[in-house]
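Colleague: Would you mind keeping the following structure in view while I ask a few things?
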Amino acid sequence: MMGKKHNQLLWVGIVFLYLPLATAAAEGRSIWERRVDASQRLTTSDNPWNIQVSSKDGFIIEYSAPKLSPVVVHIQDAHANPPAQTKISLVIRELVEKHRVKLVCVEGADGGFDSTLFDIEKSELKEKTARFFLGEARLTGAEYEWILHSKPGAAFNSDFTLWGIEDQEVYNEHWSVWEKTQQNQKEVTGLAEQILKKIHSDYGKYSSQELLRYEQTAEAFRQGVSGLKEYLEEVSKILQTHPVDMNRYPETKKLLGILSGDQPGAIMAGLTSTGELDHLEQEIRLAL
């Protein structure tokens with residue numbers, strides 16, 4: 001299923017949704033085994049800046065305007081987390097019903113979705129069954145939402161295609177490598193913990209007061225003891241005496257601009273979503 005048609009489908013994908021690896025690795029019969037044809041025309045979506053989702057279901061971190069079309073909506077995922085997956089299903093429902101999204105591309109699967117296991121005539125029973133599997137982390141939000149749109153017993157009239165974009169052979173190779181790494185995980189984890197204890201015991205001996213203060217501020221932010229504003233204020237002080245090329249950290253640079261009043265906007269805790277904060281912290285530690 002990874003031939004020319006599949007590549008074309010990947011190119012025109014409107015929604016790209018990351019899903020747990022467990023989807024493709026589950027034992028027993030896979031609900032992805034039977035392929036279905038997903039070659040349907042897509043309805044043109046709204047201007048990306050017009051796309052919104054309910055604040056109770058999620059929030060939009062950023063927009064971008066690439067030169068190539070079509071519109072792509074990237075939904076960030078919390079793996080095997082039923083409440084988060086429920087929110088994802090509601091976001092997809094909004095995109096399908098309000099913005100005419102017709103294709104949801106997912107990681108962790110290859111080809112079309114087979115809903116035979118959920119072909120239940122009564123919509124109430126079908127939704128209850130699907131919700132049970134969602135609560136057991138055996139279904140993802142995207143799969144759950146697609147089941148509710150599929151017939152028989154569809155709970156909603158709108159329709160979309162669910163399509164896995166993996167190459168199963170390559171995916172299985174990666175899974176095999178991951179399984180091998182798990183064999184040594186306990187030994188490696190124990191060694192890493194010993195090294196970290198040694199580092200932490202000597203940390204204060206060789207660290208500057210600036211670095212120790214930064215570590216305390218960063219840890220307080222990580223643990224939710226203090227907010228993003230307090231953390232950014234500390235970073236701003238450090239940058240005054242230890243400059244860092246902030247062009248490599250556009251999210252943080254924007255937030256610092258908002259903090260200083262140089263540009264309008266609201267400070268939101270979306271900073272860690274791309275891993276940018278981790279890289280910035282490493283550079284600040286080196287600078288100090």
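By order in the structure tokens, chains are A, B, ...; within a chain, residues start at 1; ligands start at 1, following the order shown.
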Leaving out Ser123 of chain A and any residue of its chain fewer than 4 positions from it, which residues lie within 12 Å of it when counting only C-alpha atoms, given as a ChimeraX atom specification?
Modeller: /A:118-119,127-130,147-157
Colleague: Which neighbours of segment 233-243 of chain A fall inside 12 Å, counting only C-alpha atoms, when residues of the same chain fewer than 3 positions from it are skipped, and could you give them as a PyMOL selection string?
Modeller: chain A and resi 209-218+220-221+226-230+246-247+252-253+255-260+277+280-281+283-288
Colleague: Hey, what's within 12 Å of Tyr63 of chain A if we count only C-alpha atoms and toss same-chain stuff fewer than 5 positions away? As a PyMOL selection string, please?
Modeller: chain A and resi 47-52+71-74
Colleague: As number ranges by chain, please: all residues of segment 153-238 of chain A that backbone DSSP puts in helix (DSSP H, G or I).
Modeller: A: 168-183, 185-206, 209-222, 228-238
Colleague: If we count only C-alpha atoms, what is near segment 160-166 of chain A at a cut-off of 8 Å, once residues fewer than 2 positions away on the same chain are taken out, given as an NGL selection string?
Modeller: :A and (6 or 10 or 38 or 96 or 101-113 or 142-143 or 146 or 149 or 158 or 168 or 170-171)
Colleague: So that I have them on file, write out the residues from the current selection with C-alpha atoms, as an mmCIF file, in the first residue's frame.
Modeller:
```cif
data_model
loop_
_atom_site.group_PDB
_atom_site.id
_atom_site.type_symbol
_atom_site.label_atom_id
_atom_site.label_comp_id
_atom_site.auth_asym_id
_atom_site.auth_seq_id
_atom_site.Cartn_x
_atom_site.Cartn_y
_atom_site.Cartn_z
ATOM 1 C CA HIS A 6 -0.023 6.174 -1.140
ATOM 2 C CA LEU A 10 0.506 11.639 1.862
ATOM 3 C CA ALA A 38 -8.836 6.193 0.554
ATOM 4 C CA VAL A 96 -14.249 17.810 10.007
ATOM 5 C CA VAL A 101 -11.273 18.392 6.588
ATOM 6 C CA LYS A 102 -11.546 15.093 4.700
ATOM 7 C CA LEU A 103 -8.279 13.265 5.394
ATOM 8 C CA VAL A 104 -6.577 12.445 8.713
ATOM 9 C CA CYS A 105 -3.083 10.969 8.289
ATOM 10 C CA VAL A 106 -1.700 9.031 11.242
ATOM 11 C CA GLU A 107 1.652 7.711 12.374
ATOM 12 C CA GLY A 108 1.954 4.132 13.608
ATOM 13 C CA ALA A 109 -0.157 2.532 10.864
ATOM 14 C CA ASP A 110 0.092 1.630 7.168
ATOM 15 C CA GLY A 111 -2.829 2.147 4.797
ATOM 16 C CA GLY A 112 -6.530 2.266 5.490
ATOM 17 C CA PHE A 113 -8.489 1.541 8.661
ATOM 18 C CA ALA A 142 -8.372 9.606 15.755
ATOM 19 C CA GLU A 143 -9.484 5.982 15.512
ATOM 20 C CA TRP A 146 -13.412 7.731 12.749
ATOM 21 C CA HIS A 149 -18.280 8.522 11.633
ATOM 22 C CA SER A 158 -19.994 14.006 8.414
ATOM 23 C CA GLN A 168 5.292 -1.258 7.582
ATOM 24 C CA VAL A 170 10.676 0.031 7.850
ATOM 25 C CA TYR A 171 8.451 0.474 10.900
#
```
